[in-house]
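Note: the block below is query_13.txt and it holds compact mmCIF, C-alpha atoms.
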# COMPACT_ATOMS: atom_id res chain seq x y z
CA MET A 1 37.67 -55.04 -88.65
CA SER A 2 39.24 -51.57 -88.85
CA PRO A 3 41.52 -50.59 -91.78
CA SER A 4 44.53 -50.39 -89.47
CA THR A 5 44.04 -53.94 -88.19
CA GLU A 6 43.54 -55.19 -91.74
CA ILE A 7 47.04 -54.07 -92.70
CA VAL A 8 49.23 -57.14 -92.44
CA SER A 9 52.93 -57.53 -93.16
CA LEU A 10 53.49 -59.65 -96.25
CA HIS A 11 56.64 -61.70 -96.81
CA SER A 12 58.60 -61.30 -100.02
CA ALA A 13 58.20 -64.99 -100.75
CA GLN A 14 54.41 -64.68 -100.69
CA ILE A 15 54.50 -61.70 -103.01
CA GLY A 16 56.98 -63.40 -105.31
CA GLN A 17 54.56 -66.28 -105.80
CA ALA A 18 51.69 -63.90 -106.52
CA VAL A 19 53.42 -61.36 -108.77
CA SER A 20 56.13 -61.83 -111.35
CA ALA A 21 59.49 -61.26 -109.65
CA ARG A 22 61.02 -59.59 -112.71
CA ALA A 23 60.70 -55.82 -112.71
CA PHE A 24 60.78 -53.70 -115.87
CA GLY A 25 62.01 -50.16 -116.27
CA LEU A 26 59.91 -47.56 -118.12
CA LYS A 27 61.32 -44.84 -120.33
CA LEU A 28 59.39 -41.93 -121.84
CA GLU A 29 61.29 -40.17 -124.61
CA SER A 30 60.17 -36.62 -125.54
CA ILE A 31 56.45 -37.36 -125.31
CA VAL A 32 54.25 -34.74 -126.99
CA GLN A 33 50.47 -34.75 -127.22
CA ARG A 34 48.66 -32.09 -129.23
CA TYR A 35 44.94 -31.78 -129.85
CA PRO A 36 43.71 -29.96 -132.99
CA GLU A 37 41.43 -27.59 -131.08
CA ALA A 38 44.07 -26.62 -128.47
CA THR A 39 46.53 -23.74 -128.85
CA SER A 40 49.20 -25.48 -126.75
CA ALA A 41 50.32 -29.07 -126.26
CA ALA A 42 48.62 -31.08 -123.50
CA VAL A 43 51.97 -32.81 -122.98
CA ASP A 44 55.00 -30.87 -124.15
CA GLY A 45 58.20 -32.88 -124.60
CA ILE A 46 58.24 -34.86 -121.35
CA SER A 47 61.05 -37.37 -120.86
CA LEU A 48 61.26 -39.67 -117.83
CA ASP A 49 63.55 -42.58 -117.05
CA ILE A 50 61.85 -44.76 -114.41
CA ASN A 51 63.89 -47.51 -112.80
CA ALA A 52 62.65 -51.07 -112.47
CA GLY A 53 60.66 -51.47 -109.25
CA GLU A 54 60.39 -47.73 -108.69
CA LEU A 55 57.22 -45.84 -107.73
CA VAL A 56 57.05 -42.48 -109.50
CA ALA A 57 54.33 -39.90 -108.85
CA LEU A 58 53.13 -37.54 -111.57
CA LEU A 59 52.22 -34.47 -109.54
CA GLY A 60 50.52 -31.30 -110.68
CA PRO A 61 47.30 -29.27 -110.67
CA SER A 62 44.20 -30.26 -112.63
CA GLY A 63 44.68 -29.88 -116.37
CA CYS A 64 48.48 -29.98 -116.28
CA GLY A 65 48.73 -33.09 -118.49
CA LYS A 66 49.55 -35.79 -115.94
CA THR A 67 46.44 -37.92 -116.63
CA THR A 68 46.98 -37.56 -120.38
CA LEU A 69 50.52 -38.86 -119.88
CA LEU A 70 49.20 -41.83 -117.91
CA ARG A 71 46.67 -42.62 -120.65
CA ILE A 72 49.46 -42.49 -123.23
CA ILE A 73 51.46 -45.06 -121.25
CA ALA A 74 48.37 -47.28 -121.00
CA GLY A 75 47.72 -46.98 -124.75
CA PHE A 76 44.33 -45.28 -124.43
CA VAL A 77 45.74 -42.19 -126.19
CA ALA A 78 48.28 -42.23 -129.02
CA GLN A 79 50.96 -39.59 -128.51
CA THR A 80 51.74 -37.10 -131.28
CA GLU A 81 55.49 -37.52 -130.83
CA GLY A 82 57.93 -39.53 -128.75
CA ARG A 83 58.49 -43.12 -127.68
CA ILE A 84 57.50 -45.36 -124.75
CA ILE A 85 59.91 -48.14 -123.86
CA VAL A 86 59.27 -50.91 -121.32
CA GLY A 87 62.39 -52.88 -120.51
CA GLU A 88 64.18 -52.82 -123.87
CA ALA A 89 61.12 -52.86 -126.12
CA ALA A 90 59.13 -49.95 -127.58
CA ILE A 91 55.39 -50.44 -127.02
CA ASP A 92 54.03 -47.47 -129.02
CA SER A 93 52.44 -49.63 -131.71
CA LEU A 94 50.76 -52.02 -129.27
CA PRO A 95 47.06 -51.72 -128.33
CA PRO A 96 46.21 -51.40 -124.60
CA ASN A 97 45.47 -55.11 -124.15
CA LYS A 98 48.91 -56.08 -125.49
CA ARG A 99 51.01 -53.66 -123.43
CA GLN A 100 51.14 -55.71 -120.20
CA VAL A 101 50.19 -52.60 -118.25
CA GLY A 102 47.79 -52.81 -115.30
CA VAL A 103 45.60 -49.82 -114.47
CA VAL A 104 43.73 -48.91 -111.26
CA PHE A 105 41.26 -46.17 -112.16
CA GLN A 106 40.16 -43.31 -109.90
CA ASN A 107 36.65 -44.75 -109.50
CA TYR A 108 38.05 -48.34 -109.47
CA ALA A 109 35.79 -49.28 -112.46
CA LEU A 110 34.62 -52.55 -110.92
CA PHE A 111 31.80 -54.35 -112.72
CA PRO A 112 28.73 -53.86 -110.49
CA HIS A 113 27.16 -57.22 -111.39
CA MET A 114 30.30 -59.22 -110.59
CA ASP A 115 31.50 -60.20 -107.13
CA ALA A 116 35.07 -59.53 -106.00
CA LEU A 117 36.41 -62.87 -107.23
CA GLU A 118 34.82 -62.46 -110.66
CA ASN A 119 36.14 -58.89 -110.97
CA VAL A 120 39.68 -60.01 -110.21
CA ALA A 121 39.44 -62.91 -112.66
CA TYR A 122 38.03 -60.76 -115.48
CA GLY A 123 41.35 -59.85 -117.08
CA LEU A 124 42.43 -63.47 -117.12
CA ALA A 125 39.14 -64.47 -118.72
CA CYS A 126 39.68 -61.89 -121.47
CA ARG A 127 43.08 -63.45 -122.13
CA GLY A 128 41.50 -66.89 -122.55
CA ALA A 129 42.93 -68.46 -119.40
CA PRO A 130 41.23 -71.72 -118.33
CA LYS A 131 38.48 -71.28 -115.74
CA GLU A 132 40.40 -73.23 -113.11
CA GLN A 133 43.44 -70.99 -113.58
CA GLN A 134 41.27 -67.86 -113.41
CA VAL A 135 39.80 -68.87 -110.06
CA ALA A 136 43.12 -69.97 -108.56
CA ARG A 137 44.87 -66.75 -109.59
CA ALA A 138 41.98 -64.54 -108.43
CA GLN A 139 41.94 -66.25 -105.03
CA GLU A 140 45.69 -65.81 -104.77
CA MET A 141 45.45 -62.09 -105.47
CA LEU A 142 42.53 -61.57 -103.09
CA GLU A 143 44.66 -63.18 -100.40
CA LEU A 144 47.48 -60.82 -101.30
CA VAL A 145 45.29 -57.75 -100.66
CA GLN A 146 43.60 -59.27 -97.59
CA MET A 147 40.17 -59.58 -99.25
CA THR A 148 39.60 -63.37 -99.32
CA HIS A 149 36.76 -63.12 -96.82
CA LEU A 150 34.83 -60.79 -99.17
CA ALA A 151 35.33 -62.81 -102.37
CA LYS A 152 31.57 -63.19 -102.98
CA ARG A 153 30.59 -59.59 -102.25
CA LEU A 154 29.39 -57.21 -104.96
CA PRO A 155 31.08 -53.78 -105.24
CA ARG A 156 28.03 -52.01 -103.73
CA GLU A 157 28.43 -54.19 -100.64
CA MET A 158 32.03 -53.07 -100.09
CA SER A 159 33.57 -49.89 -98.66
CA GLY A 160 35.73 -47.60 -100.77
CA GLY A 161 38.91 -49.07 -99.30
CA GLN A 162 37.71 -52.62 -100.00
CA GLN A 163 36.82 -51.72 -103.59
CA GLN A 164 40.28 -50.24 -104.02
CA ARG A 165 41.91 -53.47 -102.85
CA VAL A 166 39.83 -55.48 -105.32
CA ALA A 167 40.78 -53.08 -108.13
CA LEU A 168 44.44 -53.44 -107.20
CA ALA A 169 44.14 -57.24 -107.12
CA ARG A 170 42.50 -57.20 -110.56
CA ALA A 171 45.33 -55.07 -111.99
CA LEU A 172 48.02 -57.35 -110.55
CA ALA A 173 46.27 -60.62 -111.49
CA VAL A 174 47.43 -60.44 -115.11
CA LYS A 175 51.09 -60.04 -114.03
CA PRO A 176 51.63 -56.62 -115.60
CA GLN A 177 55.08 -55.24 -116.29
CA ILE A 178 53.95 -51.74 -115.28
CA LEU A 179 51.23 -50.70 -112.80
CA LEU A 180 49.42 -47.38 -113.32
CA LEU A 181 47.42 -45.72 -110.53
CA ASP A 182 45.09 -42.86 -111.49
CA GLU A 183 44.30 -40.73 -108.40
CA PRO A 184 43.92 -44.00 -106.44
CA PHE A 185 42.97 -42.45 -103.09
CA ALA A 186 40.76 -39.57 -104.25
CA ALA A 187 37.50 -41.40 -103.44
CA LEU A 188 38.54 -42.41 -99.92
CA ASP A 189 37.78 -40.68 -96.65
CA LYS A 190 40.78 -38.86 -95.21
CA SER A 191 40.91 -41.23 -92.23
CA LEU A 192 41.30 -44.21 -94.57
CA ARG A 193 43.80 -42.71 -97.02
CA LEU A 194 46.92 -43.14 -94.91
CA ASP A 195 46.15 -46.78 -94.18
CA MET A 196 45.57 -47.49 -97.87
CA GLN A 197 48.69 -45.56 -98.89
CA ILE A 198 50.74 -47.74 -96.54
CA GLU A 199 49.11 -50.90 -97.88
CA VAL A 200 49.52 -50.03 -101.56
CA LYS A 201 53.13 -48.94 -101.01
CA ARG A 202 53.89 -52.17 -99.14
CA ILE A 203 52.42 -54.37 -101.87
CA GLN A 204 54.18 -52.40 -104.62
CA ARG A 205 57.51 -52.50 -102.82
CA LEU A 206 57.46 -56.19 -101.96
CA ALA A 207 56.14 -57.11 -105.39
CA GLY A 208 58.93 -55.11 -106.98
CA ILE A 209 56.62 -53.87 -109.71
CA THR A 210 57.31 -50.57 -111.47
CA CYS A 211 54.51 -48.13 -110.70
CA VAL A 212 53.40 -44.73 -111.98
CA MET A 213 50.83 -42.85 -109.90
CA VAL A 214 48.92 -39.72 -110.87
CA THR A 215 48.00 -37.37 -108.04
CA HIS A 216 47.40 -33.70 -107.32
CA ASP A 217 47.95 -34.31 -103.59
CA GLN A 218 51.49 -33.19 -102.76
CA GLU A 219 51.56 -34.98 -99.39
CA GLU A 220 50.52 -38.22 -101.08
CA ALA A 221 53.28 -37.88 -103.67
CA GLN A 222 55.92 -37.00 -101.09
CA SER A 223 55.04 -39.86 -98.76
CA MET A 224 54.66 -42.65 -101.33
CA ALA A 225 56.94 -41.94 -104.28
CA ASP A 226 60.61 -42.78 -104.76
CA ARG A 227 60.73 -39.89 -107.20
CA VAL A 228 58.25 -37.17 -108.13
CA ALA A 229 57.71 -35.61 -111.56
CA VAL A 230 56.18 -32.16 -111.09
CA ILE A 231 54.21 -31.15 -114.19
CA HIS A 232 52.85 -27.70 -115.05
CA GLN A 233 51.06 -26.71 -118.25
CA GLY A 234 52.22 -29.86 -119.99
CA ARG A 235 55.89 -29.38 -119.14
CA LEU A 236 58.14 -31.19 -116.70
CA GLU A 237 59.23 -28.69 -114.04
CA GLN A 238 61.36 -31.03 -111.92
CA TYR A 239 62.01 -34.76 -111.56
CA ALA A 240 63.73 -35.78 -108.34
CA SER A 241 63.28 -37.40 -104.95
CA PRO A 242 60.54 -35.96 -102.69
CA ASN A 243 63.14 -34.48 -100.32
CA GLU A 244 65.09 -32.82 -103.12
CA ILE A 245 61.96 -31.32 -104.62
CA TYR A 246 60.87 -29.92 -101.26
CA ASP A 247 64.30 -28.72 -100.11
CA TYR A 248 65.74 -27.63 -103.46
CA PRO A 249 62.91 -26.58 -105.80
CA ARG A 250 64.23 -25.61 -109.21
CA THR A 251 61.41 -23.28 -110.25
CA LEU A 252 59.05 -20.82 -108.64
CA PHE A 253 56.09 -23.06 -109.51
CA VAL A 254 57.62 -26.07 -107.74
CA ASN A 255 58.47 -23.93 -104.71
CA GLN A 256 54.89 -22.68 -104.43
CA PHE A 257 53.04 -25.86 -105.41
CA VAL A 258 54.95 -28.40 -103.32
CA GLY A 259 54.38 -27.49 -99.70
CA ASN A 260 53.61 -23.93 -98.67
CA ALA A 261 55.80 -20.93 -99.37
CA ASN A 262 55.66 -17.24 -98.53
CA SER A 263 56.63 -15.44 -101.75
CA LEU A 264 57.94 -11.93 -101.14
CA LYS A 265 59.56 -9.48 -103.53
CA GLY A 266 63.16 -8.67 -102.75
CA THR A 267 66.47 -7.51 -104.20
CA VAL A 268 69.68 -9.52 -104.52
CA THR A 269 72.32 -7.65 -102.49
CA SER A 270 75.22 -10.12 -102.63
CA LYS A 271 76.30 -13.24 -104.46
CA THR A 272 79.11 -15.60 -103.63
CA ASP A 273 80.50 -18.51 -105.61
CA GLY A 274 77.87 -21.07 -106.53
CA GLN A 275 74.26 -20.30 -105.54
CA SER A 276 74.65 -18.61 -102.15
CA GLY A 277 73.90 -14.96 -101.55
CA THR A 278 71.83 -12.40 -99.68
CA VAL A 279 68.46 -10.91 -100.54
CA LEU A 280 66.89 -7.78 -99.06
CA VAL A 281 63.23 -8.34 -98.15
CA ALA A 282 61.17 -5.58 -96.51
CA GLY A 283 64.43 -3.89 -95.54
CA VAL A 284 65.85 -7.04 -93.91
CA PRO A 285 68.89 -8.90 -95.34
CA LEU A 286 68.26 -12.66 -95.47
CA PRO A 287 70.54 -15.55 -96.40
CA ALA A 288 69.48 -16.96 -99.74
CA ARG A 289 69.93 -19.76 -102.23
CA LEU A 290 69.89 -18.30 -105.74
CA VAL A 291 68.07 -20.93 -107.81
CA SER A 292 69.21 -19.48 -111.14
CA ARG A 293 72.92 -18.91 -111.64
CA SER A 294 72.05 -16.04 -114.02
CA LEU A 295 70.77 -13.91 -111.13
CA LYS A 296 73.02 -10.99 -110.26
CA VAL A 297 73.31 -8.30 -107.60
CA GLY A 298 70.59 -5.68 -108.02
CA ASP A 299 68.01 -8.02 -109.58
CA THR A 300 64.43 -7.85 -108.28
CA VAL A 301 63.38 -11.38 -107.36
CA TRP A 302 60.89 -13.60 -105.57
CA ALA A 303 62.17 -14.72 -102.18
CA CYS A 304 60.35 -17.87 -101.04
CA ILE A 305 60.33 -18.83 -97.35
CA ARG A 306 58.53 -21.90 -96.02
CA PRO A 307 56.31 -21.28 -92.96
CA GLU A 308 58.23 -23.79 -90.83
CA GLN A 309 61.48 -21.90 -91.53
CA LEU A 310 60.17 -18.91 -89.57
CA GLN A 311 59.75 -18.26 -85.86
CA LEU A 312 57.98 -15.44 -84.05
CA CYS A 313 58.97 -13.27 -81.12
CA ALA A 314 57.17 -10.31 -79.62
CA ALA A 315 58.49 -6.94 -80.73
CA THR A 316 59.84 -5.24 -77.61
CA GLU A 317 59.60 -1.46 -77.64
CA GLY A 318 62.93 0.17 -78.39
CA ILE A 319 64.59 -3.09 -79.51
CA GLU A 320 64.94 -3.89 -83.19
CA GLU A 321 65.35 -7.54 -84.19
CA PRO A 322 66.86 -8.71 -87.52
CA GLY A 323 63.51 -9.98 -88.71
CA LEU A 324 60.40 -9.12 -90.69
CA LYS A 325 58.28 -6.80 -88.57
CA GLY A 326 54.50 -7.04 -88.48
CA VAL A 327 51.35 -7.76 -86.48
CA LEU A 328 49.91 -11.18 -85.63
CA THR A 329 46.48 -11.30 -87.27
CA LEU A 330 45.40 -14.96 -87.22
CA SER A 331 46.17 -18.20 -85.40
CA LEU A 332 44.93 -21.59 -86.65
CA PRO A 333 45.64 -24.70 -84.52
CA GLN A 334 46.17 -27.77 -86.72
CA GLY A 335 46.82 -30.72 -84.45
CA PRO A 336 50.55 -30.81 -83.66
CA GLN A 337 51.22 -27.36 -85.10
CA VAL A 338 49.80 -23.86 -85.23
CA ILE A 339 49.63 -21.79 -88.43
CA GLN A 340 49.90 -18.07 -87.72
CA GLU A 341 49.41 -15.19 -90.12
CA VAL A 342 51.46 -12.03 -89.78
CA ARG A 343 50.64 -8.80 -91.59
CA LEU A 344 53.95 -7.10 -92.37
CA ASP A 345 54.47 -3.36 -92.19
CA ASP A 346 54.43 -3.12 -96.00
CA GLY A 347 50.94 -4.70 -96.10
CA SER A 348 51.94 -8.17 -97.30
CA ALA A 349 51.00 -11.26 -95.31
CA ILE A 350 53.12 -14.27 -94.39
CA LYS A 351 52.38 -17.61 -92.72
CA VAL A 352 54.42 -19.04 -89.85
CA ALA A 353 54.19 -22.69 -88.74
CA GLN A 354 55.13 -23.52 -85.16
CA ALA A 355 54.97 -26.73 -83.15
CA ARG A 356 52.17 -26.65 -80.57
CA ALA A 357 52.91 -27.65 -77.00
CA SER A 358 50.03 -28.50 -74.62
CA ASN A 359 51.07 -25.85 -72.08
CA GLN A 360 52.36 -23.30 -74.57
CA THR A 361 51.39 -19.67 -74.14
CA MET A 362 50.55 -18.25 -77.55
CA LEU A 363 51.02 -14.64 -78.57
CA GLY A 364 47.74 -12.74 -78.68
CA LEU A 365 46.20 -11.44 -81.89
CA GLY A 366 47.27 -7.87 -82.56
CA THR A 367 50.69 -8.39 -80.98
CA ALA A 368 53.57 -6.66 -82.75
CA VAL A 369 56.05 -9.36 -83.73
CA PHE A 370 59.25 -10.12 -85.58
CA ALA A 371 59.41 -13.11 -87.91
CA THR A 372 62.97 -14.42 -88.11
CA LEU A 373 64.55 -17.28 -90.02
CA ARG A 374 65.34 -20.33 -87.93
CA ALA A 375 68.99 -21.27 -87.60
CA GLY A 376 70.32 -22.92 -90.73
CA SER A 377 67.39 -21.86 -92.92
CA VAL A 378 67.68 -19.91 -96.16
CA CYS A 379 65.09 -18.51 -98.52
CA HIS A 380 64.97 -19.70 -102.13
CA VAL A 381 65.31 -16.91 -104.65
CA HIS A 382 63.73 -17.14 -108.09
CA PRO A 383 63.69 -14.71 -111.05
CA LEU A 384 60.76 -12.31 -111.03
CA THR A 385 59.52 -13.45 -114.44
Take the structure in the file and write it out as structure tokens.
Amino acid sequence: MSPSTEIVSLHSAQIGQAVSARAFGLKLESIVQRYPEATSAAVDGISLDINAGELVALLGPSGCGKTTLLRIIAGFVAQTEGRIIVGEAAIDSLPPNKRQVGVVFQNYALFPHMDALENVAYGLACRGAPKEQQVARAQEMLELVQMTHLAKRLPREMSGGQQQRVALARALAVKPQILLLDEPFAALDKSLRLDMQIEVKRIQRLAGITCVMVTHDQEEAQSMADRVAVIHQGRLEQYASPNEIYDYPRTLFVNQFVGNANSLKGTVTSKTDGQSGTVLVAGVPLPARLVSRSLKVGDTVWACIRPEQLQLCAATEGIEEPGLKGVLTLSLPQGPQVIQEVRLDDGSAIKVAQARASNQTMLGLGTAVFATLRAGSVCHVHPLT
């Protein structure tokens, strides 16, 4: 059976019987984690208010502190400062096994000598539940994740996606108040990831359980999360919905890390009320959103333009277009779109993303072109330092 055919719609009533219907909010208050040998904090004053039933993604590059933050929530690491509150109760003093937090690890951490049913029942056994209750609950959770038919299989006899389902069932079996996912799709083939993302999101949503997911995959965070916390060097850069983070990045790091962005030096040439203005880039005035209100006319800045905000046209001799002039140097088809690289006259390179039509005639490499902003698009302008 293929992963896509395994995905089955689950009714809320079924989920409600399998997972506690009550959802709990999670609040992190000024969490700091310092290690004696480090010169800077691994987590530096992060505060998050996560609503009950919400899925929040901790997004950032390797070493930014997102996994440390997850381990602090789970109780595996004691924070240096700050508080963790689930519902209305602080859980800082509780050991991991008393926090009512379920964890799905990156490598799933299934016991190799136990079959799927035994793995799912393990947490209940540790809590002293009667054997009959362990089996009944484990069977219920395997049914929830569509794995009943593989109840007697060992982990080595299952695919990565099947192991992930068992790990998820094990985490949910103990009726946790909070579910933590640590890079849950990193070990899966790309072709399986989307199916598993859909399945995990469906189960989380219908179960109504509050979930925190660690990932460095921006597409994964944007597609699954209700809100995304972008973390860089231990600090929270932005906490907002996926659309807001992509469309209105607050910092240069967020603009460059989430999605793709062409970052070009420019000069602010006008500023109106609010955050609108104009920036001069490579001699071309472009409409801009000034991210920092402290920016003023004459400031040298970074102007960030997403590849899909640009379009190309051939430079016709004797006709000057209001766009960035350059030469087409590379064209990379990527399924429904084509990524093109343009070398500008000042030597800098930009990327342009265009939809690919089956009968489309593409511009040839070496063609002189103008890259212009699509209608309604603006570049995001950030301070130079």
Exercise for review: Do a neighbour search on stretch 208-218 of chain A at 8 Å with all atoms listed in the file, toss out local chain neighbours closer than 4 positions, and write the hits as a PyMOL selection string.
Suggested key: chain A and resi 21-26+50-62+66-67+70+177-184+204+222+257-259
Exercise for review: For the point (61.9, -25.9, -111.8) in the file's frame, write as a count of residues only all residues with an atom no more than 6 Å away, counting only C-alpha atoms.
Suggested key: 5
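Each of A:Ala89, A:Val135, A:Ala116, A:Leu168 was checked against A:His149 using all atoms listed in the file; the smallest atom-to-atom distance is that of A:Ala116.
We find atom CA of A:Gly335 and atom CA of A:Arg356 to be spaced 7.8 Å apart.
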**Study point:** Who sits within 9 Å of stretch 263-273 of chain A, all atoms listed in the file, same chain under 3 positions skipped, as a ChimeraX atom specification
**Key:** /A:256,276-283,285,288,290,295-306,348,350,381,384
Practice item. Would you please work out which residue, of A:Glu29, A:Glu199, A:Asp346, A:Asp44, is nearest to A:Ile85 when using only C-alpha atoms? Key: A:Glu29
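Residue nearest A:Gln337, chosen from A:Arg165, A:Leu324, A:Ala355, A:Ser294 and counting all atoms listed in the file: A:Ala355.
Put simply, atom CA of A:Tyr248 is 23.3 Å away from atom CA of A:Gly65.
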Review point. What's the 10 Å shell around stretch 187-191 of chain A, counting only C-alpha atoms, without same-chain residues fewer than 2 positions away, as a count of residues only?
Key: 15
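Compared by their closest atoms to A:Phe253, and using all atoms listed in the file, the residues A:Pro383, A:Pro307, A:Pro336, A:Pro112 rank with A:Pro383 nearest.
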Exercise for review: State, in Å with one decimal place, the distance from atom CA of A:Phe370 to atom CA of A:Gln275.
Suggested key: 27.0 Å
Practice item. Would you please work out which residue, of A:Gln340, A:Gln354, A:Asn119, A:Thr372, is nearest to A:Ala167 when using all atoms listed in the file? Key: A:Asn119
Revision key, fill the gap. Using only C-alpha atoms, the best pick from A:Val352, A:Leu332, A:Ile339, A:Val103 as closest to A:Leu373 would be A:Val352
Check your understanding: If you count all atoms listed in the file, which residues fall within 12 Å of A:Ser93, apart from same-chain ones fewer than 5 positions away, as an MDAnalysis selection string?
Key -> chainID A and resid 72:79 82:85 98:99
Step by step, gather every atom of stretch 213-231 of chain A that the file lists, find the box along x, y and z that holds them, add 3 Å on each side, and finally give centre and edge lengths in Å to one decimal, as lines of an AutoDock Vina configuration file.
center_x = 54.1
center_y = -37.0
center_z = -106.5
size_x = 19.3
size_y = 17.7
size_z = 21.4
